[in-house]
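Down below is the structure, laid out as structure tokens.
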Amino acid sequence: MSYKAVFEALWNDYVSLTPDAQKVHDLFTQAGETVLNDHIAFRTFDLPGIDVEALARPFLANGYVEKGQYHFESKKLFAKHYEHQTDPSAPRVFISQLLTGQLSPFVQQTAKACAAAIPAHMLQSDELIVAGNIWGKPSYTTYLKLRDESEYAAWLYVYGFRANHFTVNINALKVFDTIEKVNQHLKDNGFLLNTSGGEIKGTREELLQQSSTLAQITPIAFAEGTHEIPSCYYEFAIRYPDTDGKLYSGFIAKSADKIFESTDFYKK
Ligand code: NI
């Protein structure tokens, strides 16, 4: 699969799971804007065959290279970001993994059971990255127990391998040319923003500012019946030039740390 086909498959999956994402996209295109994608993000466990390196494989095989590494100590996560070497319109790819060894035996066992349930041919396939939950119908009891310890683990257990979010590149917008204007437009149209650490994460001086919607509350079929839980969200990013005049291209760990909380549970 070419990386363009991968992004198309990810987008189709994303808007079918999270219809609000399509509404956010349309909100900007209907205002005459061109919506470009700054980055997409994946979540995984740090287990052999499905860790960051494994999920990065189809991108590395298609012209992407590793560009940055990030540590999230309190959330027990490690991440890398990748960029396409020659196609500046190709979105960055941000892949994080849960450091399961730092979590309870329950989380470790659940993660290992998920990994063990993946068919062997999927582990070698480029389709793994778009496969979603391939370990079977989740248990609501397990989901709640995971959420007590790691919201990240709980989300991953239910949704598996898919884009956790897409990101509107604010630099490519004409009318909504500041993150404040973007946020106001979202709020004016009834979207809820993640306010953890403030609506805007990062400063001009840090060269990257980000905001995000709260993940849409979505009915999910669990073994025990249907329950409504957060699914995916949309992020917004504006980048500023570094001293060399080029737009900063990396990520800021303390901002990303708060963006992760966009999938925290909340009451509709
Ligand atoms: Ni992001």
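Ordering of the structure tokens sets the chain letters (A, B, ...); residue numbers start at 1 within each chain; ligands are numbered from 1 in the order shown.
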
Test item: residues lying within 10 Å of ligand 1 with only C-alpha atoms and all ligand atoms, as a PyMOL selection string | chain A and resi 38-42+92-95+164-168+210-212+233-237+251+255-257+259-260

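Using only C-alpha atoms, the contacts of A:Thr263 at a cut-off of 8 Å, with sequence neighbours closer than 4 positions omitted, comprise Glu151, Trp155, Leu214, Ala215, Pro230, Ser231, Cys232 and Tyr233 of chain A.
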
Emit the selected residues as a PDB file, in the first residue's frame, including N, CA and C atoms.
```pdb
ATOM      1  N   GLU A 151      -5.779   5.653  30.822  1.00  0.00           N
ATOM      2  CA  GLU A 151      -6.818   5.942  29.832  1.00  0.00           C
ATOM      3  C   GLU A 151      -6.323   5.541  28.453  1.00  0.00           C
ATOM      4  N   TRP A 155      -8.268   3.078  25.816  1.00  0.00           N
ATOM      5  CA  TRP A 155      -8.612   3.493  24.448  1.00  0.00           C
ATOM      6  C   TRP A 155      -8.066   2.484  23.440  1.00  0.00           C
ATOM      7  N   LEU A 214     -12.618  17.628  22.127  1.00  0.00           N
ATOM      8  CA  LEU A 214     -12.747  16.439  22.968  1.00  0.00           C
ATOM      9  C   LEU A 214     -13.220  15.309  22.067  1.00  0.00           C
ATOM     10  N   ALA A 215     -12.728  14.106  22.320  1.00  0.00           N
ATOM     11  CA  ALA A 215     -13.145  12.962  21.508  1.00  0.00           C
ATOM     12  C   ALA A 215     -14.660  12.819  21.549  1.00  0.00           C
ATOM     13  N   PRO A 230     -15.543   7.774  24.821  1.00  0.00           N
ATOM     14  CA  PRO A 230     -14.867   8.655  23.855  1.00  0.00           C
ATOM     15  C   PRO A 230     -14.172   7.850  22.751  1.00  0.00           C
ATOM     16  N   SER A 231     -14.261   8.354  21.520  1.00  0.00           N
ATOM     17  CA  SER A 231     -13.554   7.692  20.410  1.00  0.00           C
ATOM     18  C   SER A 231     -12.380   8.566  19.960  1.00  0.00           C
ATOM     19  N   CYS A 232     -12.506   9.208  18.796  1.00  0.00           N
ATOM     20  CA  CYS A 232     -11.379   9.997  18.273  1.00  0.00           C
ATOM     21  C   CYS A 232     -11.680  11.487  18.335  1.00  0.00           C
ATOM     22  N   TYR A 233     -10.657  12.297  18.118  1.00  0.00           N
ATOM     23  CA  TYR A 233     -10.802  13.756  18.175  1.00  0.00           C
ATOM     24  C   TYR A 233     -10.050  14.378  17.003  1.00  0.00           C
TER      25      TYR A 233
END
```

Enumerate, as a PyMOL selection string, the complete set of residues in stretch 48-206 of chain A that a backbone-based DSSP assignment places in alpha helix (DSSP H).
-> chain A and resi 52-60+105-116+120-123+140-149+151-159+179-188

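When only C-alpha atoms are used to measure the gap to A:Gly32, the shortest distance among A:Val175, A:Ala5, A:Leu17, A:Ala79 belongs to A:Val175.
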
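Using only C-alpha atoms, the smallest distance between any of A:Ile200, A:Leu186, A:Ala131, A:Val107 and A:Lys23 comes from A:Leu186.
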
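Taking only C-alpha atoms into account, A:Thr142 lies nearest to A:Leu156 out of the set A:Ala21, A:Val130, A:Leu156, A:Leu193.
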
Tell me, as an MDAnalysis selection string, which residues lie within 9 Å of A:Tyr70, counting only C-alpha atoms; anything in the same chain fewer than 2 positions away does not count.
-> chainID A and resid 68 72 77:81 96 251:253

Restricted to N, CA and C atoms, what would the selected residues look like written as a PDB file, in the first residue's frame?
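What follows is the written file result31.pdb:
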```
ATOM      1  N   GLY A  68      12.120  12.420  15.412  1.00  0.00           N
ATOM      2  CA  GLY A  68      12.164  12.864  16.806  1.00  0.00           C
ATOM      3  C   GLY A  68      11.675  11.797  17.762  1.00  0.00           C
ATOM      4  N   PHE A  72       7.079  10.553  27.875  1.00  0.00           N
ATOM      5  CA  PHE A  72       5.949  11.031  28.679  1.00  0.00           C
ATOM      6  C   PHE A  72       5.956  10.219  29.964  1.00  0.00           C
ATOM      7  N   LEU A  77       4.643   6.632  28.561  1.00  0.00           N
ATOM      8  CA  LEU A  77       4.619   6.501  27.101  1.00  0.00           C
ATOM      9  C   LEU A  77       5.953   6.921  26.514  1.00  0.00           C
ATOM     10  N   PHE A  78       6.232   6.354  25.357  1.00  0.00           N
ATOM     11  CA  PHE A  78       7.371   6.768  24.552  1.00  0.00           C
ATOM     12  C   PHE A  78       6.863   6.919  23.124  1.00  0.00           C
ATOM     13  N   ALA A  79       7.361   7.935  22.407  1.00  0.00           N
ATOM     14  CA  ALA A  79       6.865   8.159  21.044  1.00  0.00           C
ATOM     15  C   ALA A  79       7.985   8.564  20.104  1.00  0.00           C
ATOM     16  N   LYS A  80       7.733   8.324  18.815  1.00  0.00           N
ATOM     17  CA  LYS A  80       8.631   8.808  17.767  1.00  0.00           C
ATOM     18  C   LYS A  80       7.789   9.498  16.707  1.00  0.00           C
ATOM     19  N   HIS A  81       8.414  10.477  16.025  1.00  0.00           N
ATOM     20  CA  HIS A  81       7.684  11.031  14.879  1.00  0.00           C
ATOM     21  C   HIS A  81       8.516  10.867  13.617  1.00  0.00           C
ATOM     22  N   SER A  96       3.063   6.510  19.295  1.00  0.00           N
ATOM     23  CA  SER A  96       3.457   6.345  20.698  1.00  0.00           C
ATOM     24  C   SER A  96       3.206   4.910  21.122  1.00  0.00           C
ATOM     25  N   PHE A 251       7.684  18.146  17.703  1.00  0.00           N
ATOM     26  CA  PHE A 251       6.581  18.184  18.666  1.00  0.00           C
ATOM     27  C   PHE A 251       7.131  18.627  20.020  1.00  0.00           C
ATOM     28  N   ILE A 252       6.231  19.082  20.902  1.00  0.00           N
ATOM     29  CA  ILE A 252       6.607  19.525  22.240  1.00  0.00           C
ATOM     30  C   ILE A 252       5.984  18.531  23.220  1.00  0.00           C
ATOM     31  N   ALA A 253       6.839  17.795  23.938  1.00  0.00           N
ATOM     32  CA  ALA A 253       6.321  16.698  24.773  1.00  0.00           C
ATOM     33  C   ALA A 253       5.274  17.191  25.777  1.00  0.00           C
TER      34      ALA A 253
END
```

Excluding same-chain residues fewer than 2 positions from stretch 216-220 of chain A, what lies within 10 Å of it counting only C-alpha atoms, as a PyMOL selection string?
-> chain A and resi 17-21+137-138+140+158-159+191-192+213-214+222-223+225-234+262-263+265-268

Quick one: everything within 7 Å of A:Gly160, counting only C-alpha atoms, minus sequence neighbours fewer than 2 positions away in the same chain. Send it as an NGL selection string.
-> :A and (132-134 or 156-158 or 162)

Export of prior selection with all heavy atoms as a compact mmCIF listing (two decimals), in the first residue's frame:
```
# COMPACT_ATOMS: atom_id res chain seq x y z
N GLY A 132 -7.56 -1.54 12.97
CA GLY A 132 -8.47 -1.30 14.10
C GLY A 132 -8.26 -2.34 15.20
O GLY A 132 -7.14 -2.81 15.42
N ASN A 133 -9.34 -2.68 15.88
CA ASN A 133 -9.27 -3.69 16.94
C ASN A 133 -9.30 -5.07 16.29
O ASN A 133 -10.32 -5.47 15.74
CB ASN A 133 -10.45 -3.50 17.89
CG ASN A 133 -10.55 -4.63 18.90
OD1 ASN A 133 -10.02 -5.72 18.71
ND2 ASN A 133 -11.25 -4.38 19.99
N ILE A 134 -8.17 -5.77 16.34
CA ILE A 134 -8.12 -7.11 15.73
C ILE A 134 -8.00 -8.18 16.80
O ILE A 134 -7.62 -9.31 16.53
CB ILE A 134 -6.95 -7.25 14.72
CG1 ILE A 134 -5.76 -6.41 15.15
CG2 ILE A 134 -7.41 -6.92 13.31
CD1 ILE A 134 -4.55 -6.62 14.29
N LEU A 156 -6.81 2.14 23.61
CA LEU A 156 -6.15 1.22 22.68
C LEU A 156 -6.81 -0.16 22.69
O LEU A 156 -6.99 -0.78 21.64
CB LEU A 156 -4.66 1.14 23.05
CG LEU A 156 -3.77 0.21 22.26
CD1 LEU A 156 -3.81 0.52 20.77
CD2 LEU A 156 -2.33 0.32 22.79
N TYR A 157 -7.16 -0.62 23.88
CA TYR A 157 -7.83 -1.92 24.03
C TYR A 157 -9.13 -1.98 23.21
O TYR A 157 -9.43 -3.00 22.59
CB TYR A 157 -8.11 -2.16 25.52
CG TYR A 157 -9.04 -3.30 25.83
CD1 TYR A 157 -8.66 -4.62 25.61
CD2 TYR A 157 -10.31 -3.05 26.34
CE1 TYR A 157 -9.52 -5.67 25.89
CE2 TYR A 157 -11.18 -4.09 26.63
CZ TYR A 157 -10.79 -5.40 26.40
OH TYR A 157 -11.64 -6.43 26.68
N VAL A 158 -9.87 -0.87 23.19
CA VAL A 158 -11.15 -0.86 22.47
C VAL A 158 -10.95 -0.61 20.97
O VAL A 158 -11.58 -1.28 20.14
CB VAL A 158 -12.10 0.21 23.05
CG1 VAL A 158 -13.34 0.40 22.17
CG2 VAL A 158 -12.51 -0.18 24.47
N ARG A 162 -5.52 2.44 14.46
CA ARG A 162 -6.21 3.37 13.55
C ARG A 162 -5.72 4.77 13.93
O ARG A 162 -5.05 4.94 14.94
CB ARG A 162 -7.72 3.26 13.71
CG ARG A 162 -8.12 3.49 15.14
CD ARG A 162 -9.59 3.29 15.52
NE ARG A 162 -10.46 2.87 14.48
CZ ARG A 162 -11.35 1.85 14.60
NH1 ARG A 162 -11.41 1.17 15.72
NH2 ARG A 162 -12.16 1.56 13.62
```

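A straight line drawn from atom CA of A:Leu247 to atom CA of A:Pro88 is 11.9 Å long.
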
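With atom CA of A:Tyr248 on one side and atom CA of A:Asp26 on the other, the separation reads 27.1 Å.
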
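Neighbours of A:Leu47 closer than or equal to 10 Å, with only C-alpha atoms counted and sequence neighbours fewer than 2 positions away skipped, come out as Thr44, Phe45, Gly49, Ile50, Asp51, Val52, Ala54, Gln97, Leu98, Leu99, Thr100, Gly101, Gln108, Ala111, Lys112 and Ala115 of chain A.
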
Emit the selected residues as a CSV table (one decimal), in the first residue's frame, including N, CA, C and O atoms.
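Done, and the output landed in part_1.csv:
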```
chain,number,residue,atom,x,y,z
A,44,THR,N,0.0,2.4,20.6
A,44,THR,CA,0.2,0.9,20.6
A,44,THR,C,0.8,0.5,21.9
A,44,THR,O,1.1,1.4,22.8
A,45,PHE,N,1.0,-0.8,22.1
A,45,PHE,CA,1.7,-1.3,23.3
A,45,PHE,C,3.2,-1.6,22.8
A,45,PHE,O,3.5,-1.8,21.7
A,49,GLY,N,6.5,-7.0,17.7
A,49,GLY,CA,5.5,-7.2,16.5
A,49,GLY,C,4.5,-6.0,16.4
A,49,GLY,O,4.0,-5.9,15.3
A,50,ILE,N,4.2,-5.3,17.5
A,50,ILE,CA,3.3,-4.2,17.4
A,50,ILE,C,3.8,-2.9,18.0
A,50,ILE,O,3.0,-2.0,18.2
A,51,ASP,N,5.1,-2.9,18.3
A,51,ASP,CA,5.6,-1.6,18.9
A,51,ASP,C,5.7,-0.5,17.9
A,51,ASP,O,5.4,-0.7,16.7
A,52,VAL,N,6.3,0.6,18.3
A,52,VAL,CA,6.4,1.8,17.5
A,52,VAL,C,7.2,1.4,16.2
A,52,VAL,O,6.7,1.8,15.1
A,54,ALA,N,7.4,-1.4,14.7
A,54,ALA,CA,6.6,-2.3,13.8
A,54,ALA,C,5.5,-1.5,13.1
A,54,ALA,O,5.3,-1.7,11.9
A,97,GLN,N,3.9,4.5,22.2
A,97,GLN,CA,3.7,3.2,22.8
A,97,GLN,C,3.6,3.2,24.3
A,97,GLN,O,4.3,4.0,24.9
A,98,LEU,N,2.7,2.4,24.8
A,98,LEU,CA,2.6,2.3,26.3
A,98,LEU,C,3.7,1.4,26.8
A,98,LEU,O,3.9,0.3,26.3
A,99,LEU,N,4.4,1.9,27.8
A,99,LEU,CA,5.6,1.1,28.4
A,99,LEU,C,4.9,0.2,29.4
A,99,LEU,O,4.9,0.5,30.6
A,100,THR,N,4.5,-0.9,28.9
A,100,THR,CA,3.6,-1.8,29.7
A,100,THR,C,4.3,-2.4,31.0
A,100,THR,O,3.7,-2.6,32.0
A,101,GLY,N,5.7,-2.5,30.9
A,101,GLY,CA,6.5,-3.0,32.0
A,101,GLY,C,6.3,-2.1,33.2
A,101,GLY,O,6.6,-2.5,34.4
A,108,GLN,N,-0.5,-5.5,31.9
A,108,GLN,CA,0.5,-6.3,31.1
A,108,GLN,C,-0.2,-7.5,30.5
A,108,GLN,O,0.0,-7.8,29.3
A,111,ALA,N,-2.6,-6.5,27.7
A,111,ALA,CA,-1.8,-6.1,26.5
A,111,ALA,C,-1.3,-7.3,25.7
A,111,ALA,O,-1.4,-7.4,24.5
A,112,LYS,N,-0.7,-8.3,26.5
A,112,LYS,CA,-0.2,-9.5,25.9
A,112,LYS,C,-1.3,-10.3,25.3
A,112,LYS,O,-1.1,-10.9,24.2
A,115,ALA,N,-2.1,-8.7,21.9
A,115,ALA,CA,-1.1,-9.0,20.9
A,115,ALA,C,-1.2,-10.4,20.4
A,115,ALA,O,-1.0,-10.7,19.3
```

Running DSSP on the backbone, which parts of stretch 23-178 of chain A land in strand (DSSP E), as a PyMOL selection string?
-> chain A and resi 39-45+64-72+77-84+92-98+165-169

Which residues, written as a CSV table (one decimal) with C-alpha atoms, in the first residue's frame, have at least one atom at most 9 Å from A:Ser125, with only C-alpha atoms counted and residues fewer than 4 positions away on the same chain left out?
```csv
chain,number,residue,atom,x,y,z
A,58,PRO,CA,5.0,0.7,6.1
A,121,HIS,CA,-0.3,-12.8,8.8
A,129,ILE,CA,-1.8,0.0,10.8
```

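Among the candidates A:Phe161, A:Phe28, A:Thr86, A:Ala153, the residue lying nearest to A:Ala56 is A:Phe161 (atoms considered: only C-alpha atoms).
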
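The space separating atom CA of A:Arg204 from atom CA of A:Lys181 comes to 15.3 Å.
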